[in-house]
Amino acid sequence: MFDSLDDMSTAFATPSPAPDPERSSEAAHPGRQPTSRRVRVRPGDVAARQSSLFDQGEQVAFDRSLSTRRRHELADGAWVDVVPGLVQGSLDLFDRVVAAAEWRAEEMVLFDEVVACPRLSVRWTVGELPDELVVLRSLGAVLSQCYRTALTRVSANLYRDGRDSVAWHGDRGARDRDRATIAVLTLGSPRPFRLRRRRGPGGLALEPASGDLLVMGGTCQRTWQHAVPKVADAGPRIAVMFRTSLDG
Ligand SMILES: O=C(O)CCC(=O)C(=O)O
């Protein structure tokens, strides 16, 4: 067992850059390569405040015992844990992540075309997290202990409104391994989070609210796919993902 997440970070670190899970055909693409450019987001540009009047001004803290955790056992050895209300002060944390992150607008290759990813994103190792986001380092350490896997890569997606989304996919890297654990913390407005079985019938529809955590595990990346579909109307949402160094 590791004493701290930094120990785990050293033990599991790899020098490779974190890949975007949707960029499956990037290496094979013969034409223009996808780009990634810095986008400045001011806190007033994306405000999650109106989504909860009760959450305002709270200290950012989380339940280290994950006491509300419930498991959905899925087919083919996949599972999803849902931890409702894990983080208190989640809208304050939303604001902190918006302000501290160096957001990037990335492109990906889709059906041989270079297209814009419909969201902004940022990636860190736990050691690179800015001081304002130290709570995410603590959360990563607790999740790593709980799931017995070193979740040393932290990334975030910013869905500015209902047009931003993530298409059906299993995370690159993780979908090629037998089993993988990926945790996703929602901050801001709720959005549908869908899972479907790759082969055969089966699906799960979730709608994590601000402060809720989902953990996908077992064969979930290999035998199931997940998506955050576009919706007609939605406030801004941040998904903070914790992955191992193998998964970026
Ligand atoms: O936004 C989410 O909840 C999930 C994001 C995701 O699946 C991804 O970035 O690969």
# chains A, B, ... in the order shown; residues from 1 in each chain; ligands from 1

$ residues_around --residues "Gly202 of chain A" --least-positions-apart "5" --cutoff "8 Å" --atoms "only C-alpha atoms" --output "list in words"
Ala75, Arg196 and Arg197 of chain A

$ residues_near_ligand --ligand "ligand 1" --cutoff "7 Å" --atoms "only C-alpha atoms and all ligand atoms" --output "list in words"
Pro21, Asn157, Val166, Asp171, Val184, Thr186, Phe193, His226, Ala227, Val228 and Ala239 of chain A

$ residues_around --residues "Pro130 of chain A" --least-positions-apart "2" --cutoff "12 Å" --atoms "only C-alpha atoms" --output "ChimeraX atom specification"
/A:96-102,123-128,132-137,154

$ select_by_dssp --residues "segment 63-133 of chain A" --states "alpha helix (DSSP H)" --output "VMD selection string"
chain A and resid 90 to 100

$ residues_around --residues "Ile238 of chain A" --least-positions-apart "6" --cutoff "8 Å" --atoms "only C-alpha atoms" --output "list in words"
Phe94, Ala156, Asn157, Leu158, Tyr159, Thr186, Leu187 and Gly188 of chain A

$ atom_distance --atom1 "atom CA of Pro84 of chain A" --atom2 "atom CA of Ser65 of chain A"
12.5 Å

$ closest_residue --among "A:Gly200, A:Gly140, A:Gly77, A:Gly162" --to "Arg119 of chain A" --atoms "only C-alpha atoms"
A:Gly162

$ select_by_dssp --residues "segment 34-166 of chain A" --states "strand (DSSP E)" --output "number ranges by chain"
A: 36-38, 61-62, 70-73, 78-83, 87-88, 104-110, 113-125, 153-159, 166

$ closest_atom_pairs --of "segment 95-195 of chain A" --to "segment 206-220 of chain A" --cutoff "10 Å" --atoms "only C-alpha atoms" --output "CSV"
residue,atom,partner,partner_atom,distance
A:Leu143,CA,A:Val215,CA,9.4
A:Tyr147,CA,A:Gly217,CA,9.2
A:Gly170,CA,A:Cys220,CA,7.7
A:Asp171,CA,A:Cys220,CA,9.5
A:Ala174,CA,A:Thr219,CA,8.9
A:Arg175,CA,A:Thr219,CA,7.9
A:Asp176,CA,A:Thr219,CA,9.7
A:Arg177,CA,A:Thr219,CA,8.1
A:Asp178,CA,A:Thr219,CA,6.0
A:Arg179,CA,A:Thr219,CA,4.7
A:Ala180,CA,A:Gly217,CA,5.6
A:Thr181,CA,A:Gly217,CA,4.4
A:Ile182,CA,A:Met216,CA,5.3
A:Ala183,CA,A:Val215,CA,4.1
A:Val184,CA,A:Leu214,CA,5.2
A:Leu185,CA,A:Leu213,CA,4.4
A:Thr186,CA,A:Ser210,CA,5.2
A:Leu187,CA,A:Ser210,CA,4.4
A:Gly188,CA,A:Ser210,CA,5.0
A:Ser189,CA,A:Ser210,CA,6.3
A:Pro190,CA,A:Ala209,CA,4.6
A:Arg191,CA,A:Glu207,CA,5.6
A:Pro192,CA,A:Glu207,CA,4.5
A:Phe193,CA,A:Leu206,CA,5.1
A:Arg194,CA,A:Leu206,CA,6.1
A:Leu195,CA,A:Leu206,CA,8.2

$ write_last_selection --atoms "C-alpha atoms" --output "compact mmCIF listing (two decimals), in the first residue's frame"
# COMPACT_ATOMS: atom_id res chain seq x y z
CA LEU A 143 -10.17 6.80 -4.47
CA TYR A 147 -10.20 0.96 -5.53
CA GLY A 170 -14.78 3.21 -24.17
CA ASP A 171 -11.69 5.04 -22.97
CA ALA A 174 -8.54 1.15 -20.79
CA ARG A 175 -10.74 -0.50 -23.42
CA ASP A 176 -7.81 -2.65 -24.53
CA ARG A 177 -7.20 -3.99 -21.03
CA ASP A 178 -9.19 -6.66 -19.26
CA ARG A 179 -10.22 -4.38 -16.40
CA ALA A 180 -9.83 -0.69 -15.61
CA THR A 181 -11.12 1.80 -13.06
CA ILE A 182 -12.09 5.36 -14.03
CA ALA A 183 -13.78 7.81 -11.66
CA VAL A 184 -15.80 10.84 -12.81
CA LEU A 185 -16.82 13.68 -10.49
CA THR A 186 -19.61 16.00 -11.71
CA LEU A 187 -19.48 19.70 -10.86
CA GLY A 188 -22.16 22.18 -11.96
CA SER A 189 -25.30 21.37 -13.90
CA PRO A 190 -26.55 17.80 -14.22
CA ARG A 191 -26.34 16.06 -17.60
CA PRO A 192 -27.49 12.63 -18.75
CA PHE A 193 -24.71 10.05 -18.52
CA ARG A 194 -25.54 6.98 -20.57
CA LEU A 195 -24.00 3.49 -20.68

$ residues_around --residues "segment 86-91 of chain A" --least-positions-apart "4" --cutoff "8 Å" --atoms "only C-alpha atoms" --output "count of residues only"
20

$ closest_residue --among "A:Cys146, A:Val122, A:Val115, A:Leu93" --to "Arg38 of chain A" --atoms "only C-alpha atoms"
A:Val122

$ residues_around --residues "Asp45 of chain A" --least-positions-apart "4" --cutoff "10 Å" --atoms "only C-alpha atoms" --output "list of chain:residue names"
A:Arg40, A:Val41, A:Val98, A:Arg160, A:Pro236

$ write_last_selection --atoms "N, CA and C atoms" --output "mmCIF file, in the first residue's frame"
data_model
loop_
_atom_site.group_PDB
_atom_site.id
_atom_site.type_symbol
_atom_site.label_atom_id
_atom_site.label_comp_id
_atom_site.auth_asym_id
_atom_site.auth_seq_id
_atom_site.Cartn_x
_atom_site.Cartn_y
_atom_site.Cartn_z
ATOM 1 N N ARG A 40 -9.083 30.910 -23.212
ATOM 2 C CA ARG A 40 -9.239 31.567 -21.910
ATOM 3 C C ARG A 40 -10.719 31.552 -21.521
ATOM 4 N N VAL A 41 -11.038 31.008 -20.374
ATOM 5 C CA VAL A 41 -12.425 30.997 -19.890
ATOM 6 C C VAL A 41 -12.473 31.848 -18.628
ATOM 7 N N VAL A 98 -12.784 26.123 -13.011
ATOM 8 C CA VAL A 98 -12.889 27.024 -14.177
ATOM 9 C C VAL A 98 -11.721 27.998 -14.173
ATOM 10 N N ARG A 160 -19.817 23.543 -21.937
ATOM 11 C CA ARG A 160 -20.269 24.924 -21.728
ATOM 12 C C ARG A 160 -21.786 25.036 -21.738
ATOM 13 N N PRO A 236 -23.683 24.914 -17.549
ATOM 14 C CA PRO A 236 -22.340 24.353 -17.676
ATOM 15 C C PRO A 236 -22.068 23.226 -16.669
#

$ atom_distance --atom1 "atom CA of Gln33 of chain A" --atom2 "atom CA of Glu113 of chain A"
9.8 Å

$ decode --residues "segment 70-175 of chain A" --atoms "C-alpha atoms" --output "compact mmCIF listing (two decimals), in the first residue's frame"
# COMPACT_ATOMS: atom_id res chain seq x y z
CA ARG A 70 -24.02 2.00 -4.37
CA ARG A 71 -22.90 -0.47 -7.05
CA HIS A 72 -24.73 -1.24 -10.31
CA GLU A 73 -23.57 -4.66 -11.49
CA LEU A 74 -23.70 -4.69 -15.31
CA ALA A 75 -23.43 -7.60 -17.76
CA ASP A 76 -20.10 -9.04 -18.93
CA GLY A 77 -18.18 -8.22 -15.74
CA ALA A 78 -18.70 -4.45 -15.83
CA TRP A 79 -19.90 -2.33 -12.94
CA VAL A 80 -20.58 1.30 -12.06
CA ASP A 81 -20.45 2.74 -8.55
CA VAL A 82 -22.55 5.83 -7.86
CA VAL A 83 -21.62 8.02 -4.89
CA PRO A 84 -24.33 10.70 -4.55
CA GLY A 85 -23.40 13.94 -2.79
CA LEU A 86 -19.75 12.98 -2.30
CA VAL A 87 -18.42 16.55 -2.50
CA GLN A 88 -19.87 19.43 -0.51
CA GLY A 89 -19.30 22.94 -1.84
CA SER A 90 -19.21 21.48 -5.33
CA LEU A 91 -20.21 24.76 -6.99
CA ASP A 92 -17.31 26.53 -5.29
CA LEU A 93 -15.08 23.77 -6.63
CA PHE A 94 -16.63 24.27 -10.09
CA ASP A 95 -15.60 27.95 -9.94
CA ARG A 96 -12.11 27.04 -8.77
CA VAL A 97 -11.61 24.54 -11.58
CA VAL A 98 -12.89 27.02 -14.18
CA ALA A 99 -10.45 29.66 -12.92
CA ALA A 100 -7.40 27.44 -12.34
CA ALA A 101 -7.48 25.28 -15.48
CA GLU A 102 -5.67 26.09 -18.71
CA TRP A 103 -8.54 25.00 -20.92
CA ARG A 104 -7.83 23.69 -24.37
CA ALA A 105 -10.05 23.36 -27.44
CA GLU A 106 -8.92 20.14 -29.09
CA GLU A 107 -9.58 18.54 -32.43
CA MET A 108 -10.04 14.87 -33.23
CA VAL A 109 -10.27 12.70 -36.33
CA LEU A 110 -13.76 11.44 -37.02
CA PHE A 111 -14.50 9.39 -40.16
CA ASP A 112 -11.28 10.73 -41.73
CA GLU A 113 -12.17 14.37 -41.03
CA VAL A 114 -10.47 16.62 -38.50
CA VAL A 115 -13.28 18.06 -36.38
CA ALA A 116 -13.47 20.15 -33.19
CA CYS A 117 -14.09 18.23 -29.96
CA PRO A 118 -17.38 19.58 -28.63
CA ARG A 119 -16.03 20.56 -25.20
CA LEU A 120 -12.96 22.11 -23.58
CA SER A 121 -10.47 19.99 -21.67
CA VAL A 122 -7.41 20.04 -19.44
CA ARG A 123 -5.07 17.36 -18.07
CA TRP A 124 -2.79 17.11 -15.06
CA THR A 125 -0.90 14.53 -13.10
CA VAL A 126 -1.79 14.76 -9.41
CA GLY A 127 1.57 16.44 -8.77
CA GLU A 128 0.76 19.18 -11.31
CA LEU A 129 -2.59 20.15 -9.82
CA PRO A 130 -2.66 23.85 -8.91
CA ASP A 131 -2.77 24.68 -5.18
CA GLU A 132 -6.41 25.82 -5.41
CA LEU A 133 -7.34 22.28 -6.47
CA VAL A 134 -5.47 20.42 -3.74
CA VAL A 135 -8.78 18.84 -2.68
CA LEU A 136 -8.70 16.87 -5.96
CA ARG A 137 -5.33 15.44 -4.94
CA SER A 138 -6.86 14.28 -1.64
CA LEU A 139 -9.86 12.83 -3.45
CA GLY A 140 -7.56 11.00 -5.87
CA ALA A 141 -5.66 9.52 -2.93
CA VAL A 142 -8.85 8.31 -1.23
CA LEU A 143 -10.17 6.80 -4.47
CA SER A 144 -6.84 5.13 -5.15
CA GLN A 145 -6.91 3.50 -1.71
CA CYS A 146 -10.53 2.48 -2.04
CA TYR A 147 -10.20 0.96 -5.53
CA ARG A 148 -6.62 -0.32 -5.03
CA THR A 149 -5.38 1.31 -8.18
CA ALA A 150 -3.20 4.41 -8.57
CA LEU A 151 -5.48 7.08 -10.05
CA THR A 152 -2.67 9.56 -10.66
CA ARG A 153 -3.98 11.27 -13.81
CA VAL A 154 -6.60 13.96 -13.39
CA SER A 155 -8.34 15.56 -16.33
CA ALA A 156 -11.43 17.69 -16.75
CA ASN A 157 -13.97 18.36 -19.47
CA LEU A 158 -15.94 21.59 -19.54
CA TYR A 159 -19.35 21.27 -21.20
CA ARG A 160 -20.27 24.92 -21.73
CA ASP A 161 -23.90 24.20 -22.61
CA GLY A 162 -26.11 21.47 -24.04
CA ARG A 163 -24.27 21.48 -27.39
CA ASP A 164 -21.09 20.19 -25.77
CA SER A 165 -20.95 16.42 -25.40
CA VAL A 166 -18.92 13.20 -25.52
CA ALA A 167 -19.89 10.56 -28.08
CA TRP A 168 -20.22 6.84 -27.32
CA HIS A 169 -16.81 5.37 -26.49
CA GLY A 170 -14.78 3.21 -24.17
CA ASP A 171 -11.69 5.04 -22.97
CA ARG A 172 -8.61 4.51 -25.10
CA GLY A 173 -6.04 2.32 -23.38
CA ALA A 174 -8.54 1.15 -20.79
CA ARG A 175 -10.74 -0.50 -23.42
